[in-house]
Each structure stands twice: as structure tokens, then as C-alpha cells.
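Heads up, input.cif below (mmCIF, C-alpha atoms):
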```cif
data_start
#
loop_
_atom_site.label_atom_id
_atom_site.label_comp_id
_atom_site.auth_asym_id
_atom_site.auth_seq_id
_atom_site.Cartn_x
_atom_site.Cartn_y
_atom_site.Cartn_z
CA MET H 1 14.37 12.03 5.45
CA LYS H 2 11.20 11.05 7.30
CA TRP H 3 8.47 8.66 6.28
CA LEU H 4 4.84 8.48 7.22
CA VAL H 5 2.71 5.39 6.85
CA LEU H 6 -1.05 5.38 7.41
CA LEU H 7 -2.63 1.95 7.15
CA GLY H 8 -6.40 1.62 7.23
CA LEU H 9 -8.75 3.77 9.29
CA VAL H 10 -10.80 3.22 12.27
CA ALA H 11 -11.77 1.51 15.67
CA PHE H 12 -10.28 0.16 18.90
CA SER H 13 -11.15 -1.59 22.11
CA GLU H 14 -11.71 -0.29 25.60
CA CYS H 15 -8.69 -2.17 26.94
CA ILE H 16 -5.03 -1.54 26.25
CA VAL H 17 -2.48 -4.32 25.83
CA LYS H 18 1.23 -3.47 25.68
CA ILE H 19 3.35 -5.24 23.08
CA PRO H 20 7.06 -5.60 23.94
CA LEU H 21 9.89 -3.88 22.09
CA ARG H 22 11.62 -5.88 19.37
CA ARG H 23 15.44 -5.76 19.40
CA VAL H 24 17.36 -7.01 16.40
CA LYS H 25 20.33 -5.84 14.37
CA THR H 26 19.51 -2.73 12.33
CA MET H 27 19.40 -2.75 8.55
CA ARG H 28 21.80 0.21 8.51
CA LYS H 29 24.49 -1.74 10.41
CA THR H 30 24.01 -4.87 8.33
CA LEU H 31 24.29 -3.07 4.99
CA SER H 32 27.06 -0.74 6.09
CA GLY H 33 29.19 -3.76 6.98
CA LYS H 34 28.74 -5.04 3.43
CA ASN H 35 29.28 -1.61 1.79
CA MET H 36 25.77 -1.81 0.32
CA LEU H 37 23.95 0.98 2.17
CA ASN H 38 24.38 3.77 -0.41
CA ASP H 39 23.21 1.49 -3.24
CA VAL H 40 20.08 0.51 -1.30
CA LEU H 41 19.25 4.13 -0.47
CA ARG H 42 19.44 5.10 -4.13
CA GLU H 43 17.50 2.12 -5.48
CA HIS H 44 14.78 1.95 -2.82
CA ALA H 45 14.16 5.58 -1.89
CA TYR H 46 10.44 5.09 -1.29
CA ARG H 47 10.64 1.57 0.16
CA LEU H 48 13.23 2.01 2.90
CA PRO H 49 10.85 1.47 5.86
CA GLN H 50 9.42 -1.67 4.29
CA ILE H 51 12.91 -3.12 4.00
CA SER H 52 14.06 -1.81 7.34
CA PHE H 53 11.39 -3.58 9.39
CA ARG H 54 13.34 -6.80 9.32
CA GLY H 55 16.26 -5.02 10.98
CA SER H 56 14.89 -2.38 13.31
CA ASN H 57 14.16 -1.70 16.93
CA LEU H 58 10.41 -1.65 16.48
CA THR H 59 8.19 -0.28 19.24
CA ILE H 60 4.46 -0.96 18.84
CA HIS H 61 2.29 1.20 21.07
CA PRO H 62 -1.47 0.51 21.52
CA LEU H 63 -4.16 3.05 20.69
CA ARG H 64 -7.85 3.15 21.59
CA ASN H 65 -10.79 4.15 19.41
CA THR H 66 -13.39 6.66 20.53
CA ARG H 67 -16.48 6.31 18.32
CA ASP H 68 -14.43 5.99 15.12
CA ILE H 69 -13.47 9.66 15.52
CA LEU H 70 -10.48 9.79 17.86
CA TYR H 71 -7.56 7.44 18.35
CA VAL H 72 -5.75 8.01 21.63
CA GLY H 73 -2.86 6.34 23.40
CA ASN H 74 -1.36 6.61 26.87
CA ILE H 75 1.95 8.26 27.67
CA THR H 76 3.52 9.22 30.98
CA ILE H 77 5.34 12.38 32.03
CA GLY H 78 7.48 12.97 35.13
CA THR H 79 9.11 10.98 37.93
CA PRO H 80 7.21 9.12 39.25
CA PRO H 81 5.20 8.80 35.99
CA GLN H 82 1.89 10.64 35.60
CA GLU H 83 -0.34 9.12 32.89
CA PHE H 84 -2.14 11.05 30.12
CA GLN H 85 -4.31 10.15 27.15
CA VAL H 86 -3.07 11.93 24.03
CA ILE H 87 -3.74 12.06 20.31
CA PHE H 88 -0.71 11.09 18.22
CA ASP H 89 -1.11 13.90 15.71
CA THR H 90 0.72 14.28 12.38
CA GLY H 91 -0.96 17.65 11.87
CA SER H 92 1.04 19.37 14.63
CA SER H 93 4.49 19.19 16.21
CA ASP H 94 4.07 20.07 19.88
CA LEU H 95 3.48 17.83 22.88
CA TRP H 96 1.30 19.39 25.56
CA VAL H 97 -0.94 18.43 28.48
CA PRO H 98 -2.96 20.56 30.91
CA SER H 99 -1.13 22.36 33.68
CA ASP H 100 -2.11 22.28 37.32
CA TYR H 101 -2.35 26.07 37.01
CA CYS H 102 -4.96 25.91 34.22
CA ASN H 103 -8.34 27.22 35.39
CA SER H 104 -10.19 26.94 32.06
CA SER H 105 -13.30 24.79 32.15
CA ALA H 106 -11.71 22.48 29.55
CA CYS H 107 -8.86 21.69 31.95
CA SER H 108 -11.10 20.87 34.89
CA THR H 109 -12.40 17.68 33.26
CA HIS H 110 -8.99 16.30 32.28
CA VAL H 111 -5.84 15.01 33.95
CA ARG H 112 -3.52 17.90 34.82
CA PHE H 113 0.22 17.61 35.23
CA ARG H 114 1.31 18.14 38.85
CA HIS H 115 4.81 19.50 38.40
CA LEU H 116 5.55 19.64 42.13
CA GLN H 117 5.22 15.86 42.30
CA SER H 118 7.92 15.24 39.66
CA SER H 119 11.56 15.14 40.74
CA THR H 120 12.76 15.48 37.12
CA PHE H 121 10.66 18.54 36.23
CA ARG H 122 12.52 21.58 34.90
CA PRO H 123 10.57 24.84 34.30
CA THR H 124 11.29 27.67 31.87
CA ASN H 125 9.97 31.20 31.34
CA LYS H 126 9.17 30.51 27.67
CA THR H 127 5.50 30.86 26.67
CA PHE H 128 3.66 29.72 23.55
CA ARG H 129 0.25 29.71 21.87
CA ILE H 130 -1.12 27.03 19.50
CA ILE H 131 -4.12 27.50 17.22
CA TYR H 132 -5.95 24.30 16.21
CA GLY H 133 -9.11 23.81 14.19
CA ALA H 134 -10.89 22.89 17.43
CA GLY H 135 -9.59 25.76 19.54
CA THR H 136 -6.59 27.56 21.00
CA ILE H 137 -4.30 26.90 23.93
CA LYS H 138 -1.81 29.09 25.74
CA GLY H 139 0.94 27.68 27.89
CA VAL H 140 4.51 27.51 29.09
CA VAL H 141 7.41 25.29 28.01
CA ALA H 142 8.88 22.85 30.52
CA TYR H 143 11.20 19.83 30.51
CA ASP H 144 10.69 16.37 31.99
CA THR H 145 10.93 12.64 31.28
CA VAL H 146 8.34 11.43 28.75
CA ARG H 147 7.60 7.75 28.09
CA ILE H 148 5.77 6.18 25.15
CA GLY H 149 5.61 2.57 26.18
CA GLU H 150 9.23 1.36 26.21
CA LEU H 151 10.56 4.55 24.60
CA VAL H 152 11.97 7.09 27.07
CA SER H 153 12.93 10.69 26.31
CA THR H 154 14.66 12.38 29.25
CA ASP H 155 14.63 16.15 29.59
CA GLN H 156 12.02 16.33 26.82
CA PRO H 157 10.57 19.80 26.10
CA PHE H 158 6.77 19.87 26.28
CA GLY H 159 3.97 22.34 26.82
CA LEU H 160 1.81 22.91 29.88
CA SER H 161 -1.44 24.66 29.00
CA VAL H 162 -2.50 27.46 31.33
CA ALA H 163 -5.54 28.53 29.28
CA GLU H 164 -7.66 26.59 26.78
CA TYR H 165 -10.41 27.84 24.49
CA GLY H 166 -12.74 25.59 22.50
CA PHE H 167 -11.62 22.23 23.93
CA GLN H 168 -14.43 21.72 26.46
CA SER H 169 -15.86 18.58 24.85
CA ARG H 170 -12.59 16.84 23.99
CA ARG H 171 -12.13 13.19 25.03
CA TYR H 172 -8.38 13.33 25.56
CA ASP H 173 -5.96 15.11 27.86
CA GLY H 174 -3.43 16.48 25.40
CA ILE H 175 -1.74 16.15 22.02
CA LEU H 176 1.54 14.56 20.97
CA GLY H 177 2.65 16.15 17.69
CA LEU H 178 4.48 14.08 15.05
CA ASN H 179 4.94 16.78 12.44
CA TYR H 180 8.27 18.37 11.47
CA PRO H 181 10.17 20.66 13.88
CA LYS H 182 9.52 23.67 11.63
CA GLN H 183 5.81 23.39 12.47
CA SER H 184 6.36 23.69 16.22
CA TRP H 185 4.60 26.70 17.75
CA SER H 186 6.74 26.43 20.87
CA ARG H 187 9.94 26.19 18.78
CA THR H 188 11.08 23.06 20.60
CA ILE H 189 12.24 19.69 19.29
CA PRO H 190 9.35 17.18 18.86
CA ILE H 191 9.68 13.96 20.81
CA PHE H 192 10.01 11.77 17.69
CA ASP H 193 12.99 13.81 16.44
CA LYS H 194 14.62 13.76 19.87
CA LEU H 195 14.24 9.99 20.18
CA LYS H 196 15.65 9.57 16.67
CA ASN H 197 18.62 11.86 17.34
CA GLU H 198 19.46 9.99 20.55
CA GLY H 199 19.38 6.59 18.84
CA ALA H 200 16.31 5.29 20.68
CA ILE H 201 14.69 4.77 17.26
CA SER H 202 16.97 2.99 14.79
CA GLU H 203 15.18 4.15 11.62
CA PRO H 204 13.40 7.53 11.11
CA VAL H 205 10.05 5.85 10.55
CA PHE H 206 6.67 5.82 12.27
CA ALA H 207 3.47 4.16 11.08
CA PHE H 208 -0.17 3.82 12.07
CA TYR H 209 -2.62 0.97 11.88
CA LEU H 210 -6.15 2.15 12.70
CA SER H 211 -8.83 -0.54 12.79
CA LYS H 212 -12.56 0.14 12.51
CA ASP H 213 -16.06 -0.95 13.48
CA GLU H 214 -15.18 -1.68 17.12
CA GLN H 215 -12.30 -3.98 16.15
CA GLU H 216 -9.31 -4.16 18.46
CA GLY H 217 -5.66 -3.74 17.69
CA SER H 218 -5.02 -0.15 16.58
CA VAL H 219 -1.40 0.87 17.08
CA VAL H 220 1.27 3.43 16.34
CA MET H 221 4.69 2.01 15.41
CA PHE H 222 8.05 3.67 15.93
CA GLY H 223 11.25 2.62 14.18
CA GLY H 224 9.79 0.53 11.35
CA VAL H 225 6.69 -1.06 9.83
CA ASP H 226 5.37 -4.41 11.01
CA HIS H 227 4.42 -6.42 7.88
CA ARG H 228 1.64 -8.17 9.81
CA TYR H 229 -0.44 -4.98 9.53
CA TYR H 230 -0.72 -4.94 5.74
CA LYS H 231 -0.96 -7.17 2.68
CA GLY H 232 0.91 -6.79 -0.59
CA GLU H 233 3.25 -3.85 -1.21
CA LEU H 234 3.20 -0.53 0.58
CA ASN H 235 2.82 2.48 -1.69
CA TRP H 236 5.18 5.33 -0.85
CA VAL H 237 4.21 8.90 -1.64
CA PRO H 238 6.74 11.77 -1.81
CA LEU H 239 6.03 14.89 0.22
CA VAL H 240 5.44 18.23 -1.48
CA LYS H 241 8.17 19.65 0.74
CA ALA H 242 10.14 18.07 3.57
CA ASP H 243 8.75 20.28 6.30
CA ASP H 244 5.27 18.81 6.90
CA TRP H 245 3.13 15.84 5.86
CA THR H 246 1.60 17.47 2.77
CA ILE H 247 1.28 15.32 -0.36
CA HIS H 248 0.04 15.93 -3.91
CA VAL H 249 -3.38 14.51 -4.87
CA ASP H 250 -3.76 13.99 -8.62
CA ARG H 251 -7.57 14.12 -8.68
CA ILE H 252 -10.75 13.05 -6.87
CA THR H 253 -13.39 11.11 -8.81
CA MET H 254 -16.80 9.56 -8.29
CA LYS H 255 -18.76 7.44 -10.76
CA ARG H 256 -15.89 7.83 -13.25
CA GLU H 257 -16.22 11.60 -13.23
CA VAL H 258 -13.72 14.05 -11.76
CA ILE H 259 -15.49 15.86 -8.95
CA ALA H 260 -12.56 17.81 -7.49
CA SER H 261 -8.88 18.65 -8.00
CA SER H 262 -8.86 18.04 -11.74
CA ASP H 263 -5.49 19.81 -11.93
CA GLY H 264 -4.22 18.32 -8.67
CA CYS H 265 -4.08 19.76 -5.20
CA ALA H 266 -2.07 19.60 -1.99
CA ALA H 267 -3.47 17.62 0.94
CA MET H 268 -2.33 17.15 4.55
CA VAL H 269 -2.16 13.61 5.94
CA ASP H 270 -3.45 14.34 9.43
CA THR H 271 -4.02 11.56 12.00
CA GLY H 272 -5.49 14.12 14.40
CA ALA H 273 -8.40 14.98 12.07
CA SER H 274 -11.57 12.92 12.05
CA HIS H 275 -12.98 14.15 8.74
CA ILE H 276 -11.97 14.61 5.12
CA GLN H 277 -11.82 18.38 4.79
CA GLY H 278 -11.72 20.61 1.73
CA PRO H 279 -13.04 23.80 0.11
CA GLY H 280 -16.71 24.38 0.84
CA ARG H 281 -17.89 24.39 -2.78
CA LEU H 282 -16.20 21.06 -3.50
CA VAL H 283 -17.46 19.42 -0.32
CA ASP H 284 -20.99 20.66 -1.12
CA LYS H 285 -20.69 19.05 -4.54
CA VAL H 286 -19.86 15.71 -2.97
CA GLN H 287 -22.77 16.07 -0.53
CA LYS H 288 -25.17 16.60 -3.44
CA LEU H 289 -23.80 13.65 -5.39
CA ILE H 290 -24.42 11.26 -2.50
CA GLY H 291 -27.84 12.75 -1.75
CA ALA H 292 -26.97 14.12 1.69
CA LYS H 293 -29.53 16.48 3.21
CA PRO H 294 -28.41 19.48 5.29
CA ARG H 295 -29.56 19.74 8.88
CA GLY H 296 -27.95 22.53 10.83
CA SER H 297 -24.20 22.50 10.24
CA LYS H 298 -24.15 18.83 9.18
CA HIS H 299 -25.38 16.71 6.27
CA TYR H 300 -27.20 13.40 6.70
CA VAL H 301 -28.03 10.30 4.67
CA SER H 302 -30.24 7.38 5.58
CA CYS H 303 -28.38 4.46 7.18
CA SER H 304 -30.10 2.13 4.72
CA ALA H 305 -28.52 4.03 1.81
CA VAL H 306 -24.90 3.73 2.97
CA SER H 307 -24.28 0.37 1.27
CA THR H 308 -25.40 1.82 -2.09
CA LEU H 309 -23.30 4.99 -1.98
CA PRO H 310 -20.57 5.30 -4.63
CA SER H 311 -16.91 5.21 -3.68
CA ILE H 312 -14.94 8.42 -3.66
CA ILE H 313 -11.64 7.72 -5.42
CA PHE H 314 -8.51 9.64 -4.47
CA THR H 315 -5.74 9.29 -7.06
CA ILE H 316 -2.38 9.86 -5.37
CA ASN H 317 0.97 9.44 -7.13
CA GLY H 318 -0.81 7.64 -9.97
CA ILE H 319 -2.56 5.07 -7.75
CA ASN H 320 -6.31 4.98 -7.08
CA TYR H 321 -7.51 4.75 -3.49
CA PRO H 322 -11.28 4.08 -3.42
CA VAL H 323 -13.06 5.10 -0.22
CA PRO H 324 -16.43 3.28 0.07
CA GLY H 325 -19.52 4.85 1.57
CA ARG H 326 -19.21 2.91 4.83
CA ALA H 327 -15.78 4.55 5.34
CA TYR H 328 -16.74 8.18 4.70
CA ILE H 329 -20.11 8.11 6.50
CA LEU H 330 -20.15 8.30 10.30
CA LYS H 331 -23.08 6.49 11.91
CA ILE H 332 -24.79 8.24 14.80
CA ARG H 333 -27.76 7.36 16.98
CA SER H 334 -30.84 9.55 16.77
CA ARG H 335 -31.41 11.48 19.98
CA THR H 336 -35.14 11.61 19.32
CA SER H 337 -35.25 7.82 19.00
CA ILE H 338 -33.37 7.43 22.26
CA LEU H 339 -35.71 9.84 24.02
CA ARG H 340 -38.76 8.01 22.69
CA ARG H 341 -37.40 4.66 23.86
CA GLU H 342 -36.71 6.11 27.30
CA THR H 343 -40.23 7.56 27.45
CA ARG H 344 -41.78 4.23 26.49
CA SER H 345 -39.61 2.48 29.08
CA ARG H 346 -40.77 4.80 31.84
CA SER H 347 -44.42 4.40 30.83
CA GLN H 348 -44.09 0.62 30.92
CA LYS H 349 -42.52 0.75 34.41
CA GLU H 350 -45.35 2.97 35.65
CA ARG H 351 -47.95 0.51 34.29
CA ASN H 352 -46.11 -2.36 35.97
CA ARG H 353 -46.28 -0.56 39.32
CA GLU H 354 -50.01 -0.06 38.90
#
```
Turn the structure described in the file into C-alpha cells.
Amino acid sequence: MKWLVLLGLVAFSECIVKIPLRRVKTMRKTLSGKNMLNDVLREHAYRLPQISFRGSNLTIHPLRNTRDILYVGNITIGTPPQEFQVIFDTGSSDLWVPSDYCNSSACSTHVRFRHLQSSTFRPTNKTFRIIYGAGTIKGVVAYDTVRIGELVSTDQPFGLSVAEYGFQSRRYDGILGLNYPKQSWSRTIPIFDKLKNEGAISEPVFAFYLSKDEQEGSVVMFGGVDHRYYKGELNWVPLVKADDWTIHVDRITMKREVIASSDGCAAMVDTGASHIQGPGRLVDKVQKLIGAKPRGSKHYVSCSAVSTLPSIIFTINGINYPVPGRAYILKIRSRTSILRRETRSRSQKERNRE
């Protein structure tokens, strides 16, 4: 069984600091020696990662925030290592980076993997195509050594894109999928599953802590949950089916009224998505309730109104999770204001010259 933990949302620093791997005796070994493991698994089915932290090989890998929209971390591929910025994405299962053969405009602005420079590279003739919400990529499957901080997966299958469509404005090189193997478009084993099967990760657990508002410290954790990243008890939510990170949402309310999913709905917990997404008619209803005005393909509210916006409450597994206005509104700078400031600045400089 796998577990997914998402703790908080939001922003990182421009620098990356590596935190060393923790090595202690695993919970599984400790309990097995006392013939207690089966009892613990039955009694604490949805709390296993919380217990297991105190006895796990825990790897904490730093992430970086890009405008409260993307959270990316560095990995390396090949020998010697070539570094890439990737999204750690629970919405997909494949790891891919641009190929040196990719001539798409999207590839030209990102780091491309130079396979001829890696002594551990192993090619295949297998091709694949992945369709994302942001675009589509086509590529080939290859094998090489992949490193996530201290974690090393040798002969790891991954994708090399040879054509990309719709990714021109992306701020990352590739994607590292953390979904189940059944969701893999390339039909290869995801890196998390491979590391788990090889014993590099003592417990089948990964977790995220995503800070916000330009705060530092966002991380992805492998092998357990560090209790320093949360207060109180963790709430565990069963999956709809053990083949992706889809959960059941009981209802969505605002101002004590049900605004969506009165009979419940399925929802994907997706760390690669920057927005709360849903059916158009329900999203439009929320926009009207908060007084958002349409402008093009987006809706806008005044920055001064954000603090007065009502919370949107997601009830999941019987527990309410209120999302305040400051968390579901993304602040942007007005281009017209910037242009006006630049114009005034130029005029002032011209007067100074005179």
C-alpha cells in the first residue's frame, strides 16, 4: 500500500540547501523482532507513516517555489551527473527530460540530456507519448542512473522527449512522476517504486511540505514523514482505488451552504497542478459567490477584497478543510501599472538630462 501526504501549500527560496539522509533502525525491523508488526498494521492502517518516521531512512529533498505556482527540485541523470529541474508530480507516473535530439522550440530553452556524455546510458527502441493538461510530448525510453539527492536508482527507465507541444513557457526542464505504475504512459516502473523495491526507501511513503508567500523550506520527503513539518495529528484519507491518488470529497461549502459536490465526488491530489480544477458550471458558481469579474479567460478580484473573501471548505473523510481567500487567490502585478511606472521613469530621466 502507498501513502501520500500533502502538507500546506506554497512558496520557496531562490537557493537550495541539501539536508542529509537520516539512517536509523526501521520500524518494520523493530516490530518484527517483537512479533508486533501484524497487530500494528491492523490497528493503525491510516497512521503507519506517522509512526514509521521514528524508524525510517528518511530522505528530505529541497524544492524551490516559482511564483506560488510551481515547485521544482533538482535531480541528476547519467555518469557524470547532468542536472535538471523537475516537477515532482503526483498526477503522472513517468520521468522525462528533453533529449538532445529534440528540435521543438520548447526544448531549445531548457537543459537537454546529452546521452553521448553518459557512460551508463542505455538506449531502447521503445517510444511513448504523454498527454498533459499543458501539452503533449513524444519521446523514447532509455535507461541510466538517476539521483534524487542521496537516493540513487541505477539503470532507471526514463523518457527522452524528441518533440514537445504546448510547453514553450514552462519554467522547468522535465517531470518526475510519483503516481502508480498503472498510470505510466511509457509502461515503465516509476522511480519511487523502483527505489522502494530495491530497499533504498525503507517505508513506502513520500510526503510534501510546500511553504508559501516567499518563505523558504519547501521539501519532498521519501521514506517517512518528518514531524517537524506539521502540528497535531495527520489525517489519513483512503484512496478511491489503489491505482492513482484519487480521493473522495464529501462536499464543498461556502458560507455554510453547499456549493458543489452535495452527493460527493472524486478528486485527484495533484502536486503538479497549480489550480483547483473542476466542472465549469461549479467553478463559475464559486467565481460569482466571491465576486470575481471575468477578463479574457481569467477571473479577477480586487487585492483589497482578498482578506474579506469567505473560506471555501472541502469536507474530506468527514473532516473540514477550510481554504481562506489568500490561499485560493493568486496575486499578480498589473502590466499596465508596470508600463506606466516605466514611462514615468523614462520621462523623469529625460527631464533630468535637460
| task | Quick one: everything within 12 Å of range 181-188 of chain H, counting only C-alpha atoms, minus sequence neighbours fewer than 6 positions away in the same chain. Send it as number ranges by chain. | result | H: 2, 90-96, 124-132, 136-143, 155-161, 194, 241-245
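Of the listed residues (H:Pro98, H:Gly224, H:Gly296, H:Pro190), H:Gly224 comes nearest to Phe206 in chain H; the distances count all atoms listed in the file.
Residues near the point (1.6, 1.7, 17.9), at a distance of 6 Å or less over all atoms listed in the file, make up Ile60, His61, Pro62, Val219, Val220 and Met221 of chain H.
With all atoms listed in the file as the atoms that count, the minimum distance from Lys298 in chain H to the choices H:Ile329, H:Asp68, H:Asn74, H:Phe222 is reached by H:Ile329.
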| What's the 10 Å shell around Asp193 in chain H, counting only C-alpha atoms, without same-chain residues fewer than 5 positions away, as a PyMOL selection string? | chain H and resi 2+178-181+198-199+201+204
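Close contacts of Arg112 in chain H, defined as residues with an atom at most 9 Å away when counting all atoms listed in the file, with chain neighbours fewer than 4 positions off set aside, comprise Phe84, Val97, Pro98, Ser99, Asp100, Tyr101, Cys102, Cys107, Ser108, Leu160 and Asp173 of chain H.
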Could you write out the selected residues, including C-alpha atoms, as a PDB file, in the frame of the given file?
```
ATOM      1  CA  PHE H  84      -2.140  11.050  30.120  1.00  0.00           C
ATOM      2  CA  VAL H  97      -0.940  18.430  28.480  1.00  0.00           C
ATOM      3  CA  PRO H  98      -2.960  20.560  30.910  1.00  0.00           C
ATOM      4  CA  SER H  99      -1.130  22.360  33.680  1.00  0.00           C
ATOM      5  CA  ASP H 100      -2.110  22.280  37.320  1.00  0.00           C
ATOM      6  CA  TYR H 101      -2.350  26.070  37.010  1.00  0.00           C
ATOM      7  CA  CYS H 102      -4.960  25.910  34.220  1.00  0.00           C
ATOM      8  CA  CYS H 107      -8.860  21.690  31.950  1.00  0.00           C
ATOM      9  CA  SER H 108     -11.100  20.870  34.890  1.00  0.00           C
ATOM     10  CA  LEU H 160       1.810  22.910  29.880  1.00  0.00           C
ATOM     11  CA  ASP H 173      -5.960  15.110  27.860  1.00  0.00           C
TER      12      ASP H 173
END
```
| task | Let me know the residues the PyMOL selection byres ((chain H and resi 290) around 10) catches in the file above, as a PyMOL selection string. | result | chain H and resi 254+285-289+291-293+300-301+305-306+308-312+325
How about saving the chosen residues, C-alpha atoms kept, as a tab-separated table (two decimals), keeping the file's coordinate frame?
```
chain	number	residue	atom	x	y	z
H	254	MET	CA	-16.80	9.56	-8.29
H	285	LYS	CA	-20.69	19.05	-4.54
H	286	VAL	CA	-19.86	15.71	-2.97
H	287	GLN	CA	-22.77	16.07	-0.53
H	288	LYS	CA	-25.17	16.60	-3.44
H	289	LEU	CA	-23.80	13.65	-5.39
H	291	GLY	CA	-27.84	12.75	-1.75
H	292	ALA	CA	-26.97	14.12	1.69
H	293	LYS	CA	-29.53	16.48	3.21
H	300	TYR	CA	-27.20	13.40	6.70
H	301	VAL	CA	-28.03	10.30	4.67
H	305	ALA	CA	-28.52	4.03	1.81
H	306	VAL	CA	-24.90	3.73	2.97
H	308	THR	CA	-25.40	1.82	-2.09
H	309	LEU	CA	-23.30	4.99	-1.98
H	310	PRO	CA	-20.57	5.30	-4.63
H	311	SER	CA	-16.91	5.21	-3.68
H	312	ILE	CA	-14.94	8.42	-3.66
H	325	GLY	CA	-19.52	4.85	1.57
```
| request: Name the residues that the PyMOL selection byres ((chain H and resi 117) around 10) picks from the file above, as JSON, numbers by chain, using the file's chain letters and numbers. | output: {"H": [78, 79, 80, 81, 82, 113, 114, 115, 116, 118, 119, 120, 121]}
Using C-alpha atoms, can you write the selected residues to a file as a PDB file, in the coordinates of the input?
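This went into part14.pdb:
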```
ATOM      1  CA  GLY H  78       7.480  12.970  35.130  1.00  0.00           C
ATOM      2  CA  THR H  79       9.110  10.980  37.930  1.00  0.00           C
ATOM      3  CA  PRO H  80       7.210   9.120  39.250  1.00  0.00           C
ATOM      4  CA  PRO H  81       5.200   8.800  35.990  1.00  0.00           C
ATOM      5  CA  GLN H  82       1.890  10.640  35.600  1.00  0.00           C
ATOM      6  CA  PHE H 113       0.220  17.610  35.230  1.00  0.00           C
ATOM      7  CA  ARG H 114       1.310  18.140  38.850  1.00  0.00           C
ATOM      8  CA  HIS H 115       4.810  19.500  38.400  1.00  0.00           C
ATOM      9  CA  LEU H 116       5.550  19.640  42.130  1.00  0.00           C
ATOM     10  CA  SER H 118       7.920  15.240  39.660  1.00  0.00           C
ATOM     11  CA  SER H 119      11.560  15.140  40.740  1.00  0.00           C
ATOM     12  CA  THR H 120      12.760  15.480  37.120  1.00  0.00           C
ATOM     13  CA  PHE H 121      10.660  18.540  36.230  1.00  0.00           C
TER      14      PHE H 121
END
```
Would you give the centre and edge lengths, in Å to one decimal, of a box along x, y and z around the listed atoms of range 189-200 of chain H, with 3 Å added to each side, as AutoDock Vina command-line options?
```
--center_x 14.4 --center_y 12.5 --center_z 18.6 --size_x 16.1 --size_y 20.4 --size_z 10.4
```
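Here the question is which of H:Arg326, H:Arg251, H:His110, H:Arg64 gets nearest to Gly174 in chain H using only C-alpha atoms, and that residue is H:His110.
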